[in-house]
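Here is upload_19.cif, consisting of mmCIF, C-alpha atoms:
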```
data_coords
#
loop_
_atom_site.label_atom_id
_atom_site.label_comp_id
_atom_site.auth_asym_id
_atom_site.auth_seq_id
_atom_site.Cartn_x
_atom_site.Cartn_y
_atom_site.Cartn_z
CA MET A 390 -60.46 94.02 91.60
CA ALA A 391 -58.91 90.77 92.72
CA THR A 392 -60.54 87.58 91.50
CA ALA A 393 -62.23 85.09 93.81
CA ARG A 394 -59.45 82.59 93.22
CA GLU A 395 -56.80 85.15 94.14
CA THR A 396 -58.71 86.24 97.22
CA PHE A 397 -59.72 82.89 98.71
CA ARG A 398 -56.65 80.82 97.77
CA VAL A 399 -55.06 79.40 100.88
CA PRO A 400 -51.95 81.41 101.77
CA SER A 401 -48.62 79.78 101.13
CA GLY A 402 -46.62 78.53 104.08
CA PRO A 403 -48.08 77.78 107.52
CA VAL A 404 -51.87 78.09 107.63
CA ASP A 405 -53.49 79.84 110.60
CA LEU A 406 -57.25 79.42 110.27
CA LYS A 407 -57.79 81.56 113.36
CA ALA A 408 -56.43 84.49 111.35
CA ILE A 409 -59.09 84.10 108.62
CA ASP A 410 -62.40 85.75 109.52
CA PRO A 411 -65.36 83.36 108.98
CA ARG A 412 -67.62 86.42 108.63
CA GLY A 413 -65.28 88.23 106.28
CA ARG A 414 -66.36 89.75 102.97
CA PRO A 415 -63.02 90.63 101.37
CA ILE A 416 -64.52 91.06 97.89
CA GLY A 417 -67.89 90.85 96.22
CA PRO A 418 -71.36 91.71 97.53
CA ARG A 419 -71.76 93.57 100.79
CA ASP A 420 -75.24 92.32 101.67
CA LYS A 421 -77.75 89.60 100.88
CA ALA A 422 -79.65 91.69 98.31
CA ASP A 423 -76.52 92.47 96.32
CA ALA A 424 -75.50 88.82 96.49
CA ALA A 425 -78.85 87.75 95.04
CA LEU A 426 -78.36 90.06 92.05
CA GLU A 427 -74.82 88.84 91.46
CA MET A 428 -75.95 85.23 91.71
CA GLU A 429 -78.24 85.80 88.74
CA ASP A 430 -75.27 86.74 86.59
CA LEU A 431 -73.15 83.92 87.99
CA GLY A 432 -75.95 81.46 87.33
CA ALA A 433 -76.10 82.45 83.67
CA ARG A 434 -72.31 82.06 83.34
CA LEU A 435 -72.30 78.70 85.07
CA ASP A 436 -75.22 77.37 83.05
CA ALA A 437 -73.67 78.35 79.72
CA ARG A 438 -70.26 76.96 80.57
CA GLN A 439 -71.64 73.74 82.01
CA GLU A 440 -73.76 73.10 78.92
CA ALA A 441 -70.71 73.55 76.69
CA LEU A 442 -68.64 71.25 78.93
CA TYR A 443 -71.36 68.60 78.77
CA ALA A 444 -71.53 68.86 74.98
CA GLU A 445 -67.75 68.71 74.75
CA GLY A 446 -67.75 65.50 76.82
CA ALA A 447 -70.51 63.98 74.72
CA ALA A 448 -68.33 64.51 71.66
CA GLY A 449 -65.42 62.65 73.23
CA GLY A 450 -63.63 65.45 75.04
CA PRO A 451 -61.73 64.32 78.16
CA ARG A 452 -62.34 67.26 80.49
CA ALA A 453 -64.36 67.36 83.72
CA VAL A 454 -64.47 69.52 86.85
CA LEU A 455 -64.35 68.34 90.46
CA LEU A 456 -65.53 70.63 93.26
CA VAL A 457 -64.53 69.37 96.71
CA LEU A 458 -66.47 70.75 99.68
CA GLN A 459 -65.11 70.24 103.19
CA GLY A 460 -66.07 71.84 106.48
CA MET A 461 -67.23 71.28 110.01
CA ASP A 462 -70.80 70.15 110.62
CA THR A 463 -73.34 72.86 109.63
CA SER A 464 -70.78 74.68 107.47
CA GLY A 465 -73.22 74.39 104.59
CA LYS A 466 -71.98 71.77 102.17
CA GLY A 467 -75.51 70.70 101.26
CA GLY A 468 -76.75 74.28 101.07
CA THR A 469 -73.88 75.22 98.78
CA ILE A 470 -74.70 72.34 96.46
CA ARG A 471 -78.36 73.31 96.38
CA HIS A 472 -77.81 77.02 95.76
CA VAL A 473 -74.78 76.88 93.45
CA LEU A 474 -75.17 73.66 91.47
CA GLY A 475 -78.92 74.16 91.45
CA MET A 476 -78.33 76.90 88.88
CA VAL A 477 -77.16 74.46 86.20
CA ASN A 478 -78.67 71.48 84.39
CA PRO A 479 -78.63 68.55 86.84
CA GLN A 480 -77.88 66.14 83.98
CA GLY A 481 -74.37 67.55 83.89
CA VAL A 482 -73.71 67.28 87.63
CA HIS A 483 -72.64 64.28 89.70
CA VAL A 484 -72.82 64.66 93.49
CA ALA A 485 -71.16 62.15 95.81
CA SER A 486 -71.51 62.26 99.59
CA PHE A 487 -68.98 60.41 101.71
CA LYS A 488 -70.21 59.21 105.06
CA ARG A 489 -68.70 56.70 107.47
CA PRO A 490 -67.02 53.99 105.34
CA THR A 491 -68.92 50.74 104.88
CA GLU A 492 -67.37 47.36 105.61
CA GLU A 493 -66.77 46.88 101.89
CA GLU A 494 -65.05 50.26 101.62
CA LEU A 495 -62.90 49.59 104.68
CA ALA A 496 -61.67 46.40 103.01
CA HIS A 497 -60.00 48.50 100.30
CA ASP A 498 -57.49 51.33 100.13
CA PHE A 499 -58.96 54.62 101.41
CA LEU A 500 -59.06 56.05 97.89
CA TRP A 501 -61.02 53.11 96.45
CA ARG A 502 -64.44 54.58 97.17
CA ILE A 503 -63.29 58.01 95.99
CA ARG A 504 -62.10 56.77 92.61
CA ARG A 505 -65.53 55.25 91.96
CA GLN A 506 -67.12 58.72 92.17
CA VAL A 507 -64.71 60.75 90.02
CA PRO A 508 -66.75 62.69 87.42
CA VAL A 509 -66.72 61.35 83.89
CA PRO A 510 -65.83 63.69 81.00
CA GLY A 511 -68.29 66.52 80.51
CA ARG A 512 -69.55 66.53 84.09
CA ILE A 513 -69.13 68.75 87.10
CA GLY A 514 -68.52 66.44 90.03
CA VAL A 515 -69.15 67.55 93.59
CA PHE A 516 -67.78 65.82 96.67
CA ASP A 517 -69.77 66.46 99.86
CA ARG A 518 -66.84 65.56 102.12
CA SER A 519 -64.12 63.61 100.36
CA HIS A 520 -60.82 61.76 100.58
CA TYR A 521 -59.78 64.41 103.11
CA GLU A 522 -61.91 62.72 105.74
CA ASP A 523 -59.06 60.21 105.98
CA VAL A 524 -56.67 62.90 107.24
CA LEU A 525 -59.33 64.70 109.30
CA VAL A 526 -61.64 62.35 111.19
CA ALA A 527 -59.13 59.53 111.00
CA ARG A 528 -56.47 61.79 112.48
CA VAL A 529 -58.54 63.51 115.17
CA ASP A 530 -60.31 60.37 116.37
CA GLY A 531 -57.23 58.17 116.10
CA LEU A 532 -58.96 55.68 113.79
CA VAL A 533 -55.63 54.63 112.29
CA PRO A 534 -52.03 54.89 113.52
CA GLU A 535 -50.24 58.18 112.91
CA GLU A 536 -47.86 56.68 110.35
CA VAL A 537 -50.90 55.65 108.31
CA TRP A 538 -52.61 59.03 108.14
CA GLN A 539 -49.28 60.80 107.70
CA ALA A 540 -48.63 58.76 104.55
CA ARG A 541 -52.02 59.69 103.15
CA TYR A 542 -51.07 63.31 102.41
CA GLU A 543 -48.64 62.16 99.73
CA ALA A 544 -51.14 59.59 98.44
CA ILE A 545 -53.76 62.34 98.12
CA ALA A 546 -51.36 64.64 96.28
CA ASP A 547 -50.45 61.83 93.87
CA PHE A 548 -54.13 61.02 93.32
CA GLU A 549 -54.99 64.61 92.55
CA ARG A 550 -52.10 64.93 90.10
CA GLU A 551 -53.36 61.77 88.43
CA LEU A 552 -56.83 63.28 88.07
CA SER A 553 -55.42 66.50 86.67
CA ASP A 554 -53.30 64.60 84.13
CA GLY A 555 -56.48 62.79 83.07
CA GLY A 556 -58.37 66.02 82.34
CA VAL A 557 -60.12 66.69 85.66
CA THR A 558 -59.85 70.27 86.89
CA ILE A 559 -59.99 70.34 90.70
CA LEU A 560 -60.99 73.10 93.09
CA LYS A 561 -61.27 72.45 96.80
CA CYS A 562 -63.21 74.67 99.18
CA LEU A 563 -63.00 74.71 102.94
CA LEU A 564 -66.27 76.19 104.19
CA HIS A 565 -64.85 78.10 107.14
CA ILE A 566 -67.26 78.77 110.00
CA SER A 567 -66.83 79.85 113.60
CA PRO A 568 -67.78 77.79 116.67
CA GLU A 569 -70.30 80.49 117.56
CA GLU A 570 -72.07 80.23 114.21
CA GLN A 571 -72.09 76.47 114.40
CA ALA A 572 -73.77 76.61 117.81
CA GLU A 573 -76.50 78.84 116.41
CA ARG A 574 -77.10 76.52 113.48
CA LEU A 575 -77.24 73.44 115.70
CA LEU A 576 -79.77 75.15 117.96
CA ALA A 577 -81.80 76.16 114.91
CA ARG A 578 -81.99 72.50 113.90
CA LEU A 579 -83.33 71.54 117.30
CA ASP A 580 -85.87 74.37 117.25
CA ASP A 581 -87.24 73.57 113.78
CA PRO A 582 -89.25 70.31 113.46
CA GLN A 583 -88.41 70.22 109.75
CA LYS A 584 -84.68 70.38 110.46
CA ARG A 585 -84.39 68.08 113.46
CA TRP A 586 -83.64 65.13 111.19
CA LYS A 587 -80.35 66.87 110.34
CA TYR A 588 -79.26 66.97 113.98
CA ASN A 589 -76.86 64.29 115.12
CA PRO A 590 -75.85 64.07 118.80
CA GLY A 591 -72.43 63.06 117.53
CA ASP A 592 -72.01 66.59 116.18
CA LEU A 593 -71.37 67.75 119.74
CA ASP A 594 -68.59 65.18 120.12
CA ALA A 595 -66.85 66.63 117.07
CA ARG A 596 -67.53 70.16 118.29
CA ALA A 597 -65.69 69.40 121.53
CA LYS A 598 -62.61 68.63 119.41
CA TRP A 599 -62.69 71.92 117.50
CA PRO A 600 -59.01 72.85 118.14
CA ALA A 601 -57.88 69.41 116.97
CA TYR A 602 -59.99 69.68 113.83
CA ARG A 603 -58.68 73.17 113.13
CA GLU A 604 -55.15 71.80 113.36
CA ALA A 605 -56.03 68.88 111.07
CA TYR A 606 -57.63 71.17 108.49
CA ALA A 607 -54.61 73.47 108.55
CA ALA A 608 -52.30 70.52 107.91
CA ALA A 609 -54.44 69.32 104.99
CA LEU A 610 -54.41 72.79 103.45
CA GLU A 611 -50.66 73.20 103.90
CA ARG A 612 -49.68 69.78 102.62
CA CYS A 613 -52.20 69.27 99.81
CA ASP A 614 -52.51 72.70 98.20
CA SER A 615 -51.05 72.72 94.69
CA ASP A 616 -51.51 74.49 91.39
CA VAL A 617 -53.32 71.45 89.97
CA ALA A 618 -55.54 71.04 93.05
CA PRO A 619 -55.77 74.39 94.85
CA TRP A 620 -57.41 74.93 98.22
CA TYR A 621 -59.69 77.90 98.86
CA VAL A 622 -60.86 79.07 102.29
CA VAL A 623 -64.41 80.42 101.98
CA PRO A 624 -65.82 82.56 104.84
CA SER A 625 -69.06 80.75 105.62
CA ASP A 626 -70.70 82.33 108.66
CA ARG A 627 -72.88 84.27 106.18
CA LYS A 628 -74.66 81.70 104.04
CA TRP A 629 -75.37 84.12 101.22
CA TYR A 630 -71.71 85.12 101.01
CA ARG A 631 -70.57 81.49 101.10
CA ASN A 632 -72.84 80.64 98.19
CA TRP A 633 -71.67 83.64 96.18
CA ALA A 634 -68.00 82.88 96.83
CA VAL A 635 -68.22 79.22 95.74
CA ALA A 636 -70.27 80.19 92.67
CA ALA A 637 -67.65 82.80 91.76
CA LEU A 638 -64.80 80.31 92.21
CA LEU A 639 -66.55 77.75 90.03
CA ALA A 640 -67.44 80.33 87.37
CA GLU A 641 -63.85 81.58 87.16
CA THR A 642 -62.61 78.01 86.85
CA LEU A 643 -65.03 77.24 84.02
CA ASP A 644 -64.25 80.54 82.31
CA ASP A 645 -60.59 79.55 82.21
CA LEU A 646 -61.47 76.13 80.80
CA ALA A 647 -63.64 77.82 78.17
CA PRO A 648 -65.34 74.62 76.96
CA GLN A 649 -66.55 74.75 73.38
CA PHE A 650 -69.57 73.26 71.66
CA PRO A 651 -68.25 70.66 69.20
CA PRO A 652 -68.75 71.29 65.48
CA PRO A 653 -71.23 68.99 63.76
CA ASP A 654 -69.84 65.79 62.26
CA TYR A 655 -72.31 65.96 59.38
CA ASP A 656 -72.98 68.19 56.39
CA LEU A 657 -75.08 70.96 57.92
CA GLU A 658 -76.58 72.25 54.66
CA ALA A 659 -77.36 68.75 53.42
CA GLU A 660 -79.21 67.94 56.65
CA ARG A 661 -81.09 71.22 56.53
CA ALA A 662 -82.19 70.44 52.98
CA ARG A 663 -83.26 66.90 53.94
CA LEU A 664 -85.31 68.19 56.86
CA LYS A 665 -87.07 70.81 54.74
CA ALA A 666 -87.82 68.22 52.10
CA SER A 667 -89.27 65.83 54.68
CA THR A 668 -91.63 68.50 55.98
CA GLY A 669 -92.59 69.89 52.59
CA LEU A 670 -90.82 73.17 53.29
CA GLY A 671 -88.03 72.72 50.77
#
```
Now, as a test, write the supplied structure out as structure tokens.
Amino acid sequence: MATARETFRVPSGPVDLKAIDPRGRPIGPRDKADAALEMEDLGARLDARQEALYAEGAAGGPRAVLLVLQGMDTSGKGGTIRHVLGMVNPQGVHVASFKRPTEEELAHDFLWRIRRQVPVPGRIGVFDRSHYEDVLVARVDGLVPEEVWQARYEAIADFERELSDGGVTILKCLLHISPEEQAERLLARLDDPQKRWKYNPGDLDARAKWPAYREAYAAALERCDSDVAPWYVVPSDRKWYRNWAVAALLAETLDDLAPQFPPPDYDLEAERARLKASTGLG
């Protein structure tokens, strides 16, 4: 069977997001019950690998992982973080959410605020939105001149190569939903008093620009997909499938890294003898 990374990797050449089914289930579980069972196994894999990565970083190892989550409003970035990263020790996870830039952030290069959130060695970093906002929102809403956002694709590619050279393994997921599913999720927020705080009237403004956003996402995928920072398109109309797919992508990535627990930098038998002597067991 094909791996998740083989299946969800953005196709080479021109990207047509309309041709990728947001409700698709090309591999993996066929229903929610099966997904729940598979998530148990994935959770065990992720937890073991993340603990080894954390230990490796504590011993001076340089490696980290960065998971980038992008998608239209309601695509499930927060839900993915909760359901996938919630299966590992939170001490080894760093989540950064990128909203509208502050005045301080706007006074710097667009990557300034991103660099401040790059995961340190031993951590899994998660970006809820990311540096790609500067070729998505900035492009669609005309926040900067075209020559500015056009130049950012190359700056992003250079930045991601720099991270990779420094030991950060990158995987980027577009949570791909349909306009119809988004409408249902927005209505659900309005209908549920406990979810109304998530609703933003501005979401409808972005929704009205769906074709422009689809074009902007396609350009980002085409121009910034690389072997050191691959893009994956995750069908996200089914929340349970989205969560499984991202968990599988992250697990495969960590399996390839195969982090190792560092050997002790002390004499194991001598320390065992000292401990037994101190407790009267020796």
Test item: residues at most 10 Å from Arg434 of chain A, only C-alpha atoms, excluding those fewer than 6 positions along its chain, as an NGL selection string = :A and (428 or 476-477 or 636-637 or 639-641 or 643-644)
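When only C-alpha atoms are used to measure the gap to Asp436 of chain A, the shortest distance among A:Val622, A:Ala453, A:Val482, A:Ala605 belongs to A:Val482.
Shortest separation to Leu431 of chain A among A:Leu455, A:Val635, A:Ala659, A:Ala601 occurs at residue A:Val635, atoms counted being only C-alpha atoms.
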Mind working out the centre and edge lengths of an axis-aligned box for segment 645-652 of chain A, all listed atoms inside, 5 Å added to each side, rounded to one decimal in Å and written as JSON?
```
{"center_x": -65.1, "center_y": 75.1, "center_z": 73.8, "size_x": 19.0, "size_y": 18.9, "size_z": 26.7}
```
Spatial neighbours of Ser486 of chain A, 8 Å, all atoms listed in the file, chain gap at least 3 places, as a list in words = Phe516, Asp517, Arg518 and Ser519 of chain A
Point-to-point distance from atom CA of Phe499 of chain A to atom CA of Pro619 of chain A, Å rounded to tenths | 21.1 Å
Considering only C-alpha atoms, state which residue in the set A:Val533, A:Val473, A:Ala540, A:Leu579 is at the smallest distance from Trp629 of chain A.
-> A:Val473
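Among the candidate residues A:Arg663, A:Ala647, A:Lys561, A:Tyr630, the one lying nearest to Gly417 of chain A is A:Tyr630, with distances computed using all atoms listed in the file.
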Near Asn589 of chain A, within 12 Å and counting all atoms listed in the file, which residues show up once chain neighbours fewer than 5 positions away are dropped, as an MDAnalysis selection string?
-> chainID A and resid 462:463 575:576 578:579 584 594:596
In the coordinates of the file, take the point (-60.3, 60.4, 116.2) and a cut-off of 12 Å; then, counting only C-alpha atoms, name each qualifying protein, DNA or RNA residue as a PyMOL selection string.
-> chain A and resi 522-535+538+594-595+597-599+601-602+605
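Going from atom CA of Tyr588 of chain A to atom CA of Leu638 of chain A covers 29.3 Å.
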Got a sec to check which residues sit within 10 Å of (-71.2, 73.4, 107.6), counting all atoms listed in the file, and write them as an MDAnalysis selection string?
-> chainID A and resid 458:469 563:567 570:571 574 625:626 628
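For the residues A:Tyr521, A:His472, A:Trp501, A:Arg452, ranking by smallest atom-to-atom distance to Leu610 of chain A using only C-alpha atoms places A:Tyr521 first.
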In Å, how far is it from atom CA of Gln539 of chain A to atom CA of His520 of chain A?
-> 13.6 Å
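Every protein, DNA or RNA residue with an atom at most 12 Å from Arg550 of chain A, where all atoms listed in the file count and chain neighbours fewer than 3 positions away do not, is listed here: A:Glu543, A:Ala544, A:Ile545, A:Ala546, A:Asp547, A:Ser553, A:Asp554, A:Gly555, A:Gly556, A:Val557, A:Thr558, A:Ile559, A:Cys613, A:Asp614, A:Ser615, A:Asp616, A:Val617, A:Ala618, A:Pro619.
Using all atoms listed in the file for every distance, the candidate list A:Glu445, A:Glu549, A:Asp410, A:Glu569 yields A:Asp410 as the residue closest to Phe397 of chain A.
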Suppose a student applies the PyMOL selection byres ((chain A and resi 506) around 9) to this structure; what residues should they get, written as a CSV table (one decimal) with C-alpha atoms, keeping the file's coordinate frame?
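The resulting file, selection.csv, is shown below:
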```csv
chain,number,residue,atom,x,y,z
A,483,HIS,CA,-72.6,64.3,89.7
A,484,VAL,CA,-72.8,64.7,93.5
A,485,ALA,CA,-71.2,62.2,95.8
A,502,ARG,CA,-64.4,54.6,97.2
A,503,ILE,CA,-63.3,58.0,96.0
A,504,ARG,CA,-62.1,56.8,92.6
A,505,ARG,CA,-65.5,55.2,92.0
A,507,VAL,CA,-64.7,60.8,90.0
A,508,PRO,CA,-66.8,62.7,87.4
A,509,VAL,CA,-66.7,61.4,83.9
A,514,GLY,CA,-68.5,66.4,90.0
A,516,PHE,CA,-67.8,65.8,96.7
```
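Shell of Ala425 of chain A at 9 Å, with all atoms listed in the file counted and residues fewer than 4 places along the chain excluded, is Pro418, Asp420, Lys421, Glu429, Trp629 and Trp633 of chain A.
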Could you add whatever atoms are missing so that segment 569-584 of chain A carries N, CA, C and O atoms, then write the result as a PDB file, in the frame of the given file?
```
ATOM      1  N   GLU A 569     -69.084  79.764 117.150  1.00  0.00           N
ATOM      2  CA  GLU A 569     -70.300  80.490 117.560  1.00  0.00           C
ATOM      3  C   GLU A 569     -71.420  80.307 116.540  1.00  0.00           C
ATOM      4  O   GLU A 569     -72.578  80.076 116.900  1.00  0.00           O
ATOM      5  N   GLU A 570     -71.062  80.412 115.260  1.00  0.00           N
ATOM      6  CA  GLU A 570     -72.070  80.230 114.210  1.00  0.00           C
ATOM      7  C   GLU A 570     -72.557  78.802 114.179  1.00  0.00           C
ATOM      8  O   GLU A 570     -73.755  78.543 113.996  1.00  0.00           O
ATOM      9  N   GLN A 571     -71.654  77.856 114.381  1.00  0.00           N
ATOM     10  CA  GLN A 571     -72.090  76.470 114.400  1.00  0.00           C
ATOM     11  C   GLN A 571     -73.093  76.219 115.510  1.00  0.00           C
ATOM     12  O   GLN A 571     -74.087  75.516 115.328  1.00  0.00           O
ATOM     13  N   ALA A 572     -72.846  76.787 116.680  1.00  0.00           N
ATOM     14  CA  ALA A 572     -73.770  76.610 117.810  1.00  0.00           C
ATOM     15  C   ALA A 572     -75.157  77.127 117.456  1.00  0.00           C
ATOM     16  O   ALA A 572     -76.169  76.483 117.756  1.00  0.00           O
ATOM     17  N   GLU A 573     -75.205  78.285 116.805  1.00  0.00           N
ATOM     18  CA  GLU A 573     -76.500  78.840 116.410  1.00  0.00           C
ATOM     19  C   GLU A 573     -77.215  77.941 115.418  1.00  0.00           C
ATOM     20  O   GLU A 573     -78.437  77.747 115.502  1.00  0.00           O
ATOM     21  N   ARG A 574     -76.475  77.377 114.488  1.00  0.00           N
ATOM     22  CA  ARG A 574     -77.100  76.520 113.480  1.00  0.00           C
ATOM     23  C   ARG A 574     -77.565  75.193 114.084  1.00  0.00           C
ATOM     24  O   ARG A 574     -78.613  74.667 113.691  1.00  0.00           O
ATOM     25  N   LEU A 575     -76.808  74.665 115.033  1.00  0.00           N
ATOM     26  CA  LEU A 575     -77.240  73.440 115.700  1.00  0.00           C
ATOM     27  C   LEU A 575     -78.513  73.685 116.514  1.00  0.00           C
ATOM     28  O   LEU A 575     -79.437  72.867 116.505  1.00  0.00           O
ATOM     29  N   LEU A 576     -78.564  74.811 117.196  1.00  0.00           N
ATOM     30  CA  LEU A 576     -79.770  75.150 117.960  1.00  0.00           C
ATOM     31  C   LEU A 576     -80.968  75.348 117.033  1.00  0.00           C
ATOM     32  O   LEU A 576     -82.088  74.939 117.352  1.00  0.00           O
ATOM     33  N   ALA A 577     -80.718  75.957 115.873  1.00  0.00           N
ATOM     34  CA  ALA A 577     -81.800  76.160 114.910  1.00  0.00           C
ATOM     35  C   ALA A 577     -82.359  74.827 114.437  1.00  0.00           C
ATOM     36  O   ALA A 577     -83.568  74.698 114.198  1.00  0.00           O
ATOM     37  N   ARG A 578     -81.507  73.831 114.297  1.00  0.00           N
ATOM     38  CA  ARG A 578     -81.990  72.500 113.900  1.00  0.00           C
ATOM     39  C   ARG A 578     -82.879  71.901 114.968  1.00  0.00           C
ATOM     40  O   ARG A 578     -83.911  71.282 114.668  1.00  0.00           O
ATOM     41  N   LEU A 579     -82.504  72.082 116.217  1.00  0.00           N
ATOM     42  CA  LEU A 579     -83.330  71.540 117.300  1.00  0.00           C
ATOM     43  C   LEU A 579     -84.648  72.269 117.427  1.00  0.00           C
ATOM     44  O   LEU A 579     -85.666  71.679 117.805  1.00  0.00           O
ATOM     45  N   ASP A 580     -84.659  73.560 117.094  1.00  0.00           N
ATOM     46  CA  ASP A 580     -85.870  74.370 117.250  1.00  0.00           C
ATOM     47  C   ASP A 580     -86.860  74.187 116.112  1.00  0.00           C
ATOM     48  O   ASP A 580     -88.043  74.507 116.258  1.00  0.00           O
ATOM     49  N   ASP A 581     -86.398  73.685 114.976  1.00  0.00           N
ATOM     50  CA  ASP A 581     -87.240  73.570 113.780  1.00  0.00           C
ATOM     51  C   ASP A 581     -87.588  72.093 113.549  1.00  0.00           C
ATOM     52  O   ASP A 581     -86.700  71.297 113.222  1.00  0.00           O
ATOM     53  N   PRO A 582     -88.870  71.718 113.684  1.00  0.00           N
ATOM     54  CA  PRO A 582     -89.250  70.310 113.460  1.00  0.00           C
ATOM     55  C   PRO A 582     -88.842  69.777 112.093  1.00  0.00           C
ATOM     56  O   PRO A 582     -88.594  68.572 111.944  1.00  0.00           O
ATOM     57  N   GLN A 583     -88.776  70.663 111.094  1.00  0.00           N
ATOM     58  CA  GLN A 583     -88.410  70.220 109.750  1.00  0.00           C
ATOM     59  C   GLN A 583     -86.911  70.068 109.562  1.00  0.00           C
ATOM     60  O   GLN A 583     -86.454  69.580 108.527  1.00  0.00           O
ATOM     61  N   LYS A 584     -86.136  70.491 110.562  1.00  0.00           N
ATOM     62  CA  LYS A 584     -84.680  70.380 110.460  1.00  0.00           C
ATOM     63  C   LYS A 584     -84.092  69.434 111.505  1.00  0.00           C
ATOM     64  O   LYS A 584     -82.888  69.185 111.504  1.00  0.00           O
TER      65      LYS A 584
END
```
